[in-house]
>>> print(open('query28.cif').read())   # mmCIF, C-alpha atoms
data_start
loop_
_atom_site.label_atom_id
_atom_site.label_comp_id
_atom_site.auth_asym_id
_atom_site.auth_seq_id
_atom_site.Cartn_x
_atom_site.Cartn_y
_atom_site.Cartn_z
CA MET S 729 -48.50 28.21 -10.44
CA LYS S 730 -45.07 29.58 -9.53
CA HIS S 731 -42.16 27.16 -9.76
CA ASP S 732 -39.08 27.48 -7.57
CA MET S 733 -36.29 27.75 -10.16
CA SER S 734 -33.45 28.17 -7.67
CA GLN S 735 -32.71 24.42 -7.71
CA TYR S 736 -31.77 24.55 -11.41
CA PRO S 737 -28.32 25.75 -12.51
CA LEU S 738 -28.15 28.72 -14.90
CA ARG S 739 -25.94 26.57 -17.09
CA LEU S 740 -24.23 23.17 -16.90
CA GLU S 741 -20.45 23.15 -16.61
CA GLY S 742 -17.65 20.67 -16.14
CA ASP S 743 -16.02 17.84 -18.07
CA ASN S 744 -18.90 15.41 -17.64
CA MET S 745 -21.59 17.77 -18.88
CA PRO S 746 -24.28 15.91 -20.86
CA MET S 747 -25.24 17.19 -24.31
CA VAL S 748 -28.94 16.93 -23.39
CA ARG S 749 -30.44 16.99 -19.91
CA PHE S 750 -34.08 16.70 -18.87
CA GLN S 751 -34.29 17.76 -15.23
CA ASN S 752 -37.61 17.07 -13.46
CA VAL S 753 -39.48 17.74 -16.72
CA THR S 754 -43.26 17.52 -16.54
CA LYS S 755 -45.74 17.83 -19.39
CA LYS S 756 -49.51 17.79 -19.02
CA TYR S 757 -52.44 17.96 -21.40
CA GLY S 758 -55.29 19.05 -19.18
CA GLN S 759 -55.64 16.37 -16.50
CA LEU S 760 -53.38 13.94 -18.35
CA THR S 761 -49.73 13.87 -17.27
CA VAL S 762 -47.67 12.74 -20.27
CA LEU S 763 -44.23 13.20 -18.69
CA ASP S 764 -43.92 12.98 -14.94
CA GLY S 765 -40.76 14.55 -13.50
CA LEU S 766 -38.54 13.08 -16.22
CA ASN S 767 -34.78 12.98 -15.54
CA LEU S 768 -32.67 11.93 -18.52
CA ASP S 769 -29.08 12.74 -19.52
CA VAL S 770 -27.74 12.03 -23.01
CA GLU S 771 -23.97 12.23 -23.32
CA GLU S 772 -22.13 13.81 -26.24
CA GLY S 773 -21.84 11.29 -29.07
CA GLU S 774 -24.31 8.89 -27.45
CA MET S 775 -27.14 7.21 -29.37
CA VAL S 776 -30.16 6.79 -27.10
CA THR S 777 -33.34 5.07 -28.25
CA ILE S 778 -36.71 5.49 -26.55
CA ILE S 779 -39.23 2.66 -26.75
CA GLY S 780 -42.56 2.13 -25.04
CA PRO S 781 -46.29 1.75 -25.58
CA SER S 782 -48.40 4.44 -27.26
CA GLY S 783 -49.08 7.31 -24.89
CA SER S 784 -45.97 6.67 -22.77
CA GLY S 785 -44.47 10.07 -23.61
CA LYS S 786 -41.81 9.01 -26.14
CA THR S 787 -42.59 11.40 -28.97
CA THR S 788 -43.35 14.20 -26.50
CA VAL S 789 -39.65 14.11 -25.52
CA LEU S 790 -38.63 14.88 -29.11
CA ARG S 791 -41.37 17.47 -29.58
CA MET S 792 -40.22 19.37 -26.49
CA LEU S 793 -36.61 19.37 -27.73
CA MET S 794 -37.86 20.83 -31.03
CA THR S 795 -39.83 23.41 -28.96
CA LEU S 796 -43.03 22.20 -30.62
CA GLU S 797 -44.43 21.71 -27.11
CA LYS S 798 -43.98 23.80 -23.97
CA ILE S 799 -43.06 22.05 -20.73
CA ASP S 800 -45.07 22.50 -17.53
CA GLY S 801 -42.26 21.99 -15.03
CA GLY S 802 -38.51 21.45 -14.84
CA VAL S 803 -35.80 22.53 -17.27
CA ILE S 804 -34.33 21.08 -20.47
CA TYR S 805 -30.64 21.83 -21.16
CA VAL S 806 -28.86 21.48 -24.52
CA ASP S 807 -25.08 21.78 -24.82
CA GLY S 808 -24.85 23.25 -21.32
CA GLU S 809 -27.48 25.96 -21.79
CA PRO S 810 -31.12 25.90 -20.79
CA LEU S 811 -33.40 25.47 -23.80
CA THR S 812 -36.75 26.07 -22.14
CA HIS S 813 -35.50 28.95 -19.98
CA MET S 814 -32.99 31.77 -20.11
CA GLU S 815 -31.04 33.76 -17.56
CA LYS S 816 -32.39 37.13 -16.48
CA ASN S 817 -30.93 39.04 -13.51
CA GLY S 818 -29.19 35.93 -12.24
CA ARG S 819 -32.18 33.61 -12.35
CA LEU S 820 -34.00 31.40 -14.86
CA VAL S 821 -37.14 32.70 -16.54
CA PRO S 822 -39.16 31.14 -19.40
CA ALA S 823 -37.29 31.49 -22.71
CA ASN S 824 -38.38 34.03 -25.30
CA GLU S 825 -38.64 33.20 -29.00
CA ALA S 826 -35.15 34.52 -29.84
CA HIS S 827 -33.54 32.32 -27.17
CA LEU S 828 -35.55 29.27 -28.27
CA ARG S 829 -34.47 29.83 -31.88
CA ARG S 830 -30.79 30.13 -30.96
CA ILE S 831 -30.67 26.94 -28.89
CA ARG S 832 -32.95 25.04 -31.27
CA SER S 833 -30.44 25.70 -34.06
CA LYS S 834 -28.23 23.07 -32.38
CA ILE S 835 -30.89 20.41 -32.97
CA GLY S 836 -31.82 18.59 -36.19
CA MET S 837 -34.94 16.49 -36.66
CA CYS S 838 -35.92 13.70 -39.03
CA PHE S 839 -39.58 12.74 -39.13
CA GLN S 840 -41.39 9.56 -40.07
CA HIS S 841 -42.89 11.16 -43.19
CA PHE S 842 -39.74 12.90 -44.47
CA ASN S 843 -41.42 16.34 -44.79
CA LEU S 844 -39.30 17.27 -47.81
CA PHE S 845 -40.25 20.34 -49.82
CA PRO S 846 -42.07 18.77 -52.82
CA HIS S 847 -41.28 21.62 -55.24
CA MET S 848 -37.51 21.42 -54.61
CA THR S 849 -34.92 18.91 -55.82
CA ALA S 850 -32.89 16.83 -53.38
CA LEU S 851 -30.12 19.42 -53.67
CA GLY S 852 -32.53 22.32 -53.20
CA ASN S 853 -33.98 20.72 -50.09
CA CYS S 854 -30.51 20.48 -48.55
CA MET S 855 -29.50 24.03 -49.52
CA GLU S 856 -32.61 25.89 -48.37
CA GLY S 857 -31.90 25.97 -44.61
CA PRO S 858 -28.21 26.89 -44.81
CA VAL S 859 -29.00 29.78 -47.22
CA GLN S 860 -32.16 31.10 -45.54
CA VAL S 861 -31.35 30.44 -41.87
CA LEU S 862 -27.55 30.25 -41.61
CA GLY S 863 -26.87 32.89 -44.26
CA LEU S 864 -24.48 30.77 -46.34
CA SER S 865 -23.85 31.79 -49.92
CA LYS S 866 -25.43 29.58 -52.59
CA LYS S 867 -21.98 28.30 -53.48
CA GLU S 868 -21.12 27.33 -49.88
CA ALA S 869 -24.55 25.79 -49.34
CA GLU S 870 -24.27 23.74 -52.54
CA ALA S 871 -20.83 22.43 -51.57
CA ARG S 872 -22.11 21.44 -48.12
CA ALA S 873 -25.29 19.88 -49.57
CA MET S 874 -23.35 17.83 -52.13
CA GLU S 875 -20.95 16.55 -49.48
CA LEU S 876 -23.90 15.36 -47.39
CA LEU S 877 -25.87 13.89 -50.30
CA ASP S 878 -22.71 11.98 -51.17
CA LEU S 879 -22.41 10.81 -47.55
CA VAL S 880 -25.95 9.38 -47.60
CA GLY S 881 -25.48 7.85 -51.06
CA MET S 882 -27.78 10.28 -52.90
CA ALA S 883 -25.32 12.44 -54.90
CA GLU S 884 -26.51 11.16 -58.28
CA LYS S 885 -30.13 11.96 -57.37
CA ARG S 886 -29.35 15.62 -56.64
CA ASP S 887 -31.67 16.94 -59.37
CA GLN S 888 -34.64 14.68 -58.59
CA HIS S 889 -37.78 15.94 -56.87
CA PRO S 890 -39.12 13.94 -53.89
CA SER S 891 -41.97 12.47 -56.00
CA ARG S 892 -39.33 10.72 -58.13
CA LEU S 893 -37.57 9.15 -55.14
CA SER S 894 -38.39 5.98 -53.20
CA GLY S 895 -39.22 6.16 -49.47
CA GLY S 896 -35.71 5.11 -48.47
CA GLN S 897 -34.18 7.68 -50.82
CA GLN S 898 -36.44 10.42 -49.46
CA GLN S 899 -35.49 9.51 -45.90
CA ARG S 900 -31.79 9.72 -46.76
CA VAL S 901 -32.29 13.17 -48.34
CA ALA S 902 -34.20 14.22 -45.20
CA ILE S 903 -31.24 13.13 -43.06
CA ALA S 904 -28.83 15.08 -45.29
CA ARG S 905 -31.10 18.13 -45.10
CA ALA S 906 -31.13 18.04 -41.29
CA LEU S 907 -27.34 17.60 -41.19
CA ALA S 908 -26.81 20.57 -43.50
CA MET S 909 -27.72 22.79 -40.55
CA ARG S 910 -24.72 21.38 -38.64
CA PRO S 911 -26.70 20.34 -35.55
CA LYS S 912 -25.04 18.93 -32.43
CA VAL S 913 -28.06 16.79 -31.61
CA MET S 914 -30.12 14.75 -34.08
CA LEU S 915 -33.63 13.55 -33.32
CA PHE S 916 -35.18 10.65 -35.22
CA ASP S 917 -38.92 10.02 -34.88
CA GLU S 918 -39.91 6.61 -36.26
CA VAL S 919 -37.63 7.19 -39.26
CA THR S 920 -37.86 3.59 -40.46
CA SER S 921 -41.54 2.85 -39.85
CA ALA S 922 -42.69 3.98 -43.32
CA LEU S 923 -39.94 2.00 -45.05
CA ASP S 924 -39.73 -1.51 -46.46
CA PRO S 925 -37.63 -3.95 -44.41
CA GLU S 926 -34.83 -4.15 -47.02
CA VAL S 927 -34.53 -0.37 -47.03
CA ILE S 928 -34.24 -0.12 -43.24
CA SER S 929 -30.71 -1.51 -43.30
CA GLU S 930 -29.53 1.17 -45.76
CA VAL S 931 -30.95 3.93 -43.52
CA THR S 932 -29.41 2.19 -40.49
CA ASN S 933 -26.02 2.22 -42.21
CA VAL S 934 -26.36 5.91 -43.04
CA ILE S 935 -27.20 6.80 -39.42
CA ARG S 936 -24.36 4.64 -38.12
CA GLY S 937 -21.94 6.37 -40.50
CA LEU S 938 -23.01 9.76 -39.17
CA VAL S 939 -22.09 8.84 -35.63
CA GLY S 940 -18.53 8.04 -36.68
CA LYS S 941 -18.11 11.09 -38.90
CA TYR S 942 -19.73 13.84 -36.83
CA ASN S 943 -19.76 12.53 -33.25
CA LEU S 944 -23.45 13.46 -33.24
CA THR S 945 -25.58 13.00 -30.18
CA MET S 946 -28.76 11.18 -31.20
CA LEU S 947 -32.13 10.61 -29.63
CA MET S 948 -34.47 8.26 -31.44
CA VAL S 949 -38.02 6.99 -30.99
CA THR S 950 -38.80 3.70 -32.73
CA HIS S 951 -41.11 0.68 -32.56
CA GLN S 952 -38.60 -1.48 -34.39
CA ILE S 953 -36.64 -3.50 -31.89
CA GLY S 954 -34.12 -4.85 -34.41
CA PHE S 955 -33.27 -1.33 -35.54
CA ALA S 956 -32.94 -0.15 -31.94
CA ARG S 957 -30.77 -3.11 -31.00
CA GLU S 958 -28.41 -2.51 -33.88
CA ILE S 959 -27.94 1.22 -33.56
CA SER S 960 -28.28 2.23 -29.90
CA ASP S 961 -25.75 2.72 -27.14
CA ARG S 962 -28.60 2.81 -24.63
CA VAL S 963 -32.30 2.02 -24.74
CA CYS S 964 -34.86 3.66 -22.43
CA PHE S 965 -38.22 1.98 -21.92
CA PHE S 966 -40.87 4.59 -21.14
CA PHE S 967 -44.05 3.80 -19.24
CA ASN S 968 -46.59 6.32 -17.91
CA GLY S 969 -44.34 9.29 -18.59
CA GLN S 970 -41.29 7.95 -16.79
CA ILE S 971 -38.28 5.78 -17.57
CA GLU S 972 -39.28 2.36 -16.30
CA GLU S 973 -35.99 0.70 -17.25
CA GLN S 974 -32.88 1.55 -19.27
CA GLY S 975 -29.63 -0.09 -20.28
CA ALA S 976 -27.44 -1.30 -23.14
CA PRO S 977 -29.59 -2.88 -25.89
CA GLU S 978 -28.26 -6.40 -25.39
CA ILE S 979 -29.13 -6.20 -21.68
CA LEU S 980 -32.52 -4.50 -21.96
CA PHE S 981 -33.75 -6.67 -24.84
CA ASP S 982 -32.29 -10.00 -23.74
CA SER S 983 -32.78 -9.83 -19.98
CA PRO S 984 -35.18 -7.03 -18.97
CA GLN S 985 -35.60 -6.78 -15.20
CA LYS S 986 -38.98 -5.08 -14.87
CA GLU S 987 -42.26 -6.89 -15.49
CA ARG S 988 -43.69 -4.05 -17.61
CA THR S 989 -40.63 -4.11 -19.86
CA GLN S 990 -40.92 -7.87 -20.27
CA GLN S 991 -44.63 -7.62 -21.15
CA PHE S 992 -44.04 -4.85 -23.68
CA LEU S 993 -41.14 -6.62 -25.40
CA SER S 994 -42.94 -9.97 -25.64
CA ALA S 995 -45.98 -8.22 -27.15
CA VAL S 996 -43.84 -6.29 -29.67
CA LEU S 997 -41.76 -9.34 -30.65
CA GLU S 998 -44.92 -11.42 -31.15
CA SER S 999 -46.41 -8.80 -33.47
CA ASN S 1000 -43.22 -8.45 -35.57
#
>>> encode(input="query28.cif", output="structure tokens")
Amino acid sequence: MKHDMSQYPLRLEGDNMPMVRFQNVTKKYGQLTVLDGLNLDVEEGEMVTIIGPSGSGKTTVLRMLMTLEKIDGGVIYVDGEPLTHMEKNGRLVPANEAHLRRIRSKIGMCFQHFNLFPHMTALGNCMEGPVQVLGLSKKEAEARAMELLDLVGMAEKRDQHPSRLSGGQQQRVAIARALAMRPKVMLFDEVTSALDPEVISEVTNVIRGLVGKYNLTMLMVTHQIGFAREISDRVCFFFNGQIEEQGAPEILFDSPQKERTQQFLSAVLESN
């Protein structure tokens, strides 16, 4: 099926340009539509949290930004440039691997299960990407890694392997590792769900500190309403592949307008 790409700009320009834009983005798995013409802008330095029932398309949003999934319609822009497409002879065509790699380098990701390299120390985990991908010298990479491990409160654990670290410590190393690549956008997928409640606040504090220090743009998927309330500038409730309702956390959580949002929140709060 041919898509008319003329409605999409070759790049986004102007003072009010969002850091991330989903424009009419559709994703299907066979007959199942997971995202249905999604339109979402995330401003530079904004922390946006996505909540919603299983199968509502939340994690698909992050997977498409990481180019782990291909979209079926629309365009995703990052930092003004199309991610999913590239310009060729004055029009947008599907992106090749080199273009995807270049734009994806602006994005960092933290997963629920940390995904640290088990055979490397905390320091080694944080140095690997900058050396192998960014071409930093070992000395530069070590200086950057130590600064970030210090920032997340893990400097004294630099020589420990992941198996010697608690879940909260591993998650903080994973955040430092993602930041070592100097991304403009950070994605967090259920980063607190594998952690004990008392550890969640330390990870929350780390993430909050990052916003102030790096003016990072963040997109987060979580089931934990307290975490989302504390850390978000805006919360989007997804239902059936679309944004059903969105707003500041205190408004969305305390006085949701839509019936589906109300039902979801009362179910989640009952189960917590």
>>> residues_near_point(input="query28.cif", point="(-37.0, 31.9, -18.9)", cutoff="12 Å", atoms="all atoms listed in the file", output="ChimeraX atom specification")
/S:731,733,736,738,798-799,801-804,809-828
>>> closest_residue(input="query28.cif", among="S:Arg872, S:Val931, S:Leu907, S:Met848", to="His889 of chain S", atoms="all atoms listed in the file")
S:Met848
>>> atom_distance(input="query28.cif", atom1="atom CA of Leu997 of chain S", atom2="atom CA of Asp917 of chain S")
20.0 Å
>>> closest_atom_pairs(input="query28.cif", of="segment 820-916 of chain S", to="segment 762-777 of chain S", cutoff="12 Å", atoms="all atoms listed in the file", output="JSON lines")
{"residue": "S:Lys912", "atom": "CA", "partner": "S:Glu772", "partner_atom": "CA", "distance": 8.5}
{"residue": "S:Val913", "atom": "CA", "partner": "S:Glu772", "partner_atom": "CA", "distance": 8.5}
{"residue": "S:Met914", "atom": "CA", "partner": "S:Met775", "partner_atom": "CA", "distance": 9.4}
{"residue": "S:Leu915", "atom": "CA", "partner": "S:Val776", "partner_atom": "CA", "distance": 9.8}
{"residue": "S:Phe916", "atom": "CA", "partner": "S:Thr777", "partner_atom": "CA", "distance": 9.1}
>>> closest_residue(input="query28.cif", among="S:Gly896, S:Gly780, S:Gly969, S:Pro984", to="Glu930 of chain S", atoms="only C-alpha atoms")
S:Gly896
>>> resolve_selection(input="query28.cif", expression="the PyMOL selection byres ((chain S and resi 956-967) around 8)", output="VMD selection string")
chain S and resid 774 to 781 784 to 786 932 936 950 952 to 955 968 to 978 980 to 981 989
>>> residues_around(input="query28.cif", residues="Ala906 of chain S", least_positions_apart="6", cutoff="9 Å", atoms="only C-alpha atoms", output="PDB file with C-alpha atoms, keeping the file's coordinate frame")
ATOM      1  CA  ILE S 835     -30.890  20.410 -32.970  1.00  0.00           C
ATOM      2  CA  GLY S 836     -31.820  18.590 -36.190  1.00  0.00           C
ATOM      3  CA  MET S 837     -34.940  16.490 -36.660  1.00  0.00           C
ATOM      4  CA  CYS S 838     -35.920  13.700 -39.030  1.00  0.00           C
ATOM      5  CA  CYS S 854     -30.510  20.480 -48.550  1.00  0.00           C
ATOM      6  CA  GLY S 857     -31.900  25.970 -44.610  1.00  0.00           C
ATOM      7  CA  MET S 914     -30.120  14.750 -34.080  1.00  0.00           C
TER       8      MET S 914
END
>>> atom_distance(input="query28.cif", atom1="atom CA of Leu879 of chain S", atom2="atom CA of Arg832 of chain S")
24.1 Å
>>> build_atoms(input="query28.cif", residues="segment 838-849 of chain S", atoms="all heavy atoms", output="compact mmCIF listing (two decimals), in the coordinates of the input")
# COMPACT_ATOMS: atom_id res chain seq x y z
N CYS S 838 -35.42 14.47 -37.90
CA CYS S 838 -35.92 13.70 -39.03
C CYS S 838 -37.23 13.03 -38.63
O CYS S 838 -37.28 12.33 -37.61
CB CYS S 838 -34.92 12.62 -39.43
SG CYS S 838 -33.75 13.20 -40.63
N PHE S 839 -38.25 13.24 -39.45
CA PHE S 839 -39.58 12.74 -39.13
C PHE S 839 -39.87 11.45 -39.89
O PHE S 839 -39.22 11.10 -40.86
CB PHE S 839 -40.64 13.78 -39.51
CG PHE S 839 -40.52 15.09 -38.79
CD1 PHE S 839 -39.76 16.12 -39.31
CD2 PHE S 839 -41.16 15.29 -37.57
CE1 PHE S 839 -39.65 17.34 -38.64
CE2 PHE S 839 -41.06 16.49 -36.90
CZ PHE S 839 -40.30 17.52 -37.43
N GLN S 840 -40.93 10.79 -39.44
CA GLN S 840 -41.39 9.56 -40.07
C GLN S 840 -41.77 9.78 -41.54
O GLN S 840 -41.53 8.93 -42.38
CB GLN S 840 -42.61 9.09 -39.27
CG GLN S 840 -43.32 7.88 -39.80
CD GLN S 840 -44.46 7.48 -38.87
OE1 GLN S 840 -44.63 8.04 -37.80
NE2 GLN S 840 -45.24 6.52 -39.31
N HIS S 841 -42.36 10.94 -41.84
CA HIS S 841 -42.89 11.16 -43.19
C HIS S 841 -42.03 12.12 -44.02
O HIS S 841 -42.53 12.79 -44.91
CB HIS S 841 -44.34 11.66 -43.11
CG HIS S 841 -45.24 10.64 -42.48
ND1 HIS S 841 -45.44 9.39 -43.03
CD2 HIS S 841 -45.96 10.66 -41.34
CE1 HIS S 841 -46.26 8.70 -42.26
NE2 HIS S 841 -46.59 9.45 -41.23
N PHE S 842 -40.75 12.19 -43.68
CA PHE S 842 -39.74 12.90 -44.47
C PHE S 842 -39.91 14.42 -44.51
O PHE S 842 -38.96 15.14 -44.33
CB PHE S 842 -39.65 12.37 -45.92
CG PHE S 842 -39.88 10.90 -46.08
CD1 PHE S 842 -40.78 10.40 -47.00
CD2 PHE S 842 -39.21 9.98 -45.28
CE1 PHE S 842 -41.00 9.04 -47.14
CE2 PHE S 842 -39.41 8.61 -45.40
CZ PHE S 842 -40.32 8.14 -46.34
N ASN S 843 -41.15 14.90 -44.78
CA ASN S 843 -41.42 16.34 -44.79
C ASN S 843 -40.49 17.12 -45.72
O ASN S 843 -40.11 18.24 -45.41
CB ASN S 843 -41.31 16.93 -43.37
CG ASN S 843 -42.43 16.45 -42.46
OD1 ASN S 843 -43.07 15.45 -42.76
ND2 ASN S 843 -42.66 17.12 -41.36
N LEU S 844 -40.11 16.54 -46.83
CA LEU S 844 -39.30 17.27 -47.81
C LEU S 844 -40.17 18.30 -48.54
O LEU S 844 -41.38 18.14 -48.64
CB LEU S 844 -38.69 16.30 -48.84
CG LEU S 844 -37.67 15.30 -48.29
CD1 LEU S 844 -37.31 14.29 -49.36
CD2 LEU S 844 -36.42 16.01 -47.79
N PHE S 845 -39.53 19.36 -49.03
CA PHE S 845 -40.25 20.34 -49.82
C PHE S 845 -40.52 19.74 -51.21
O PHE S 845 -39.57 19.48 -51.96
CB PHE S 845 -39.43 21.63 -49.96
CG PHE S 845 -39.03 22.24 -48.65
CD1 PHE S 845 -37.69 22.43 -48.34
CD2 PHE S 845 -39.99 22.61 -47.70
CE1 PHE S 845 -37.31 23.00 -47.13
CE2 PHE S 845 -39.61 23.17 -46.49
CZ PHE S 845 -38.27 23.36 -46.20
N PRO S 846 -41.79 19.51 -51.58
CA PRO S 846 -42.07 18.77 -52.82
C PRO S 846 -41.64 19.51 -54.08
O PRO S 846 -41.33 18.88 -55.10
CB PRO S 846 -43.59 18.58 -52.79
CG PRO S 846 -44.11 19.60 -51.83
CD PRO S 846 -43.02 19.85 -50.84
N HIS S 847 -41.60 20.85 -54.03
CA HIS S 847 -41.28 21.62 -55.24
C HIS S 847 -39.78 21.81 -55.42
O HIS S 847 -39.35 22.45 -56.38
CB HIS S 847 -41.96 22.99 -55.16
CG HIS S 847 -41.52 23.81 -53.97
ND1 HIS S 847 -41.87 23.46 -52.68
CD2 HIS S 847 -40.76 24.92 -53.88
CE1 HIS S 847 -41.34 24.35 -51.84
NE2 HIS S 847 -40.66 25.24 -52.55
N MET S 848 -38.97 21.25 -54.50
CA MET S 848 -37.51 21.42 -54.61
C MET S 848 -36.84 20.07 -54.89
O MET S 848 -37.31 19.03 -54.44
CB MET S 848 -36.93 21.96 -53.30
CG MET S 848 -37.32 23.38 -53.00
SD MET S 848 -36.46 23.94 -51.50
CE MET S 848 -37.24 25.54 -51.30
N THR S 849 -35.72 20.12 -55.60
CA THR S 849 -34.92 18.91 -55.82
C THR S 849 -34.26 18.49 -54.51
O THR S 849 -34.31 19.21 -53.51
CB THR S 849 -33.82 19.19 -56.85
OG1 THR S 849 -32.94 20.21 -56.30
CG2 THR S 849 -34.38 19.66 -58.17
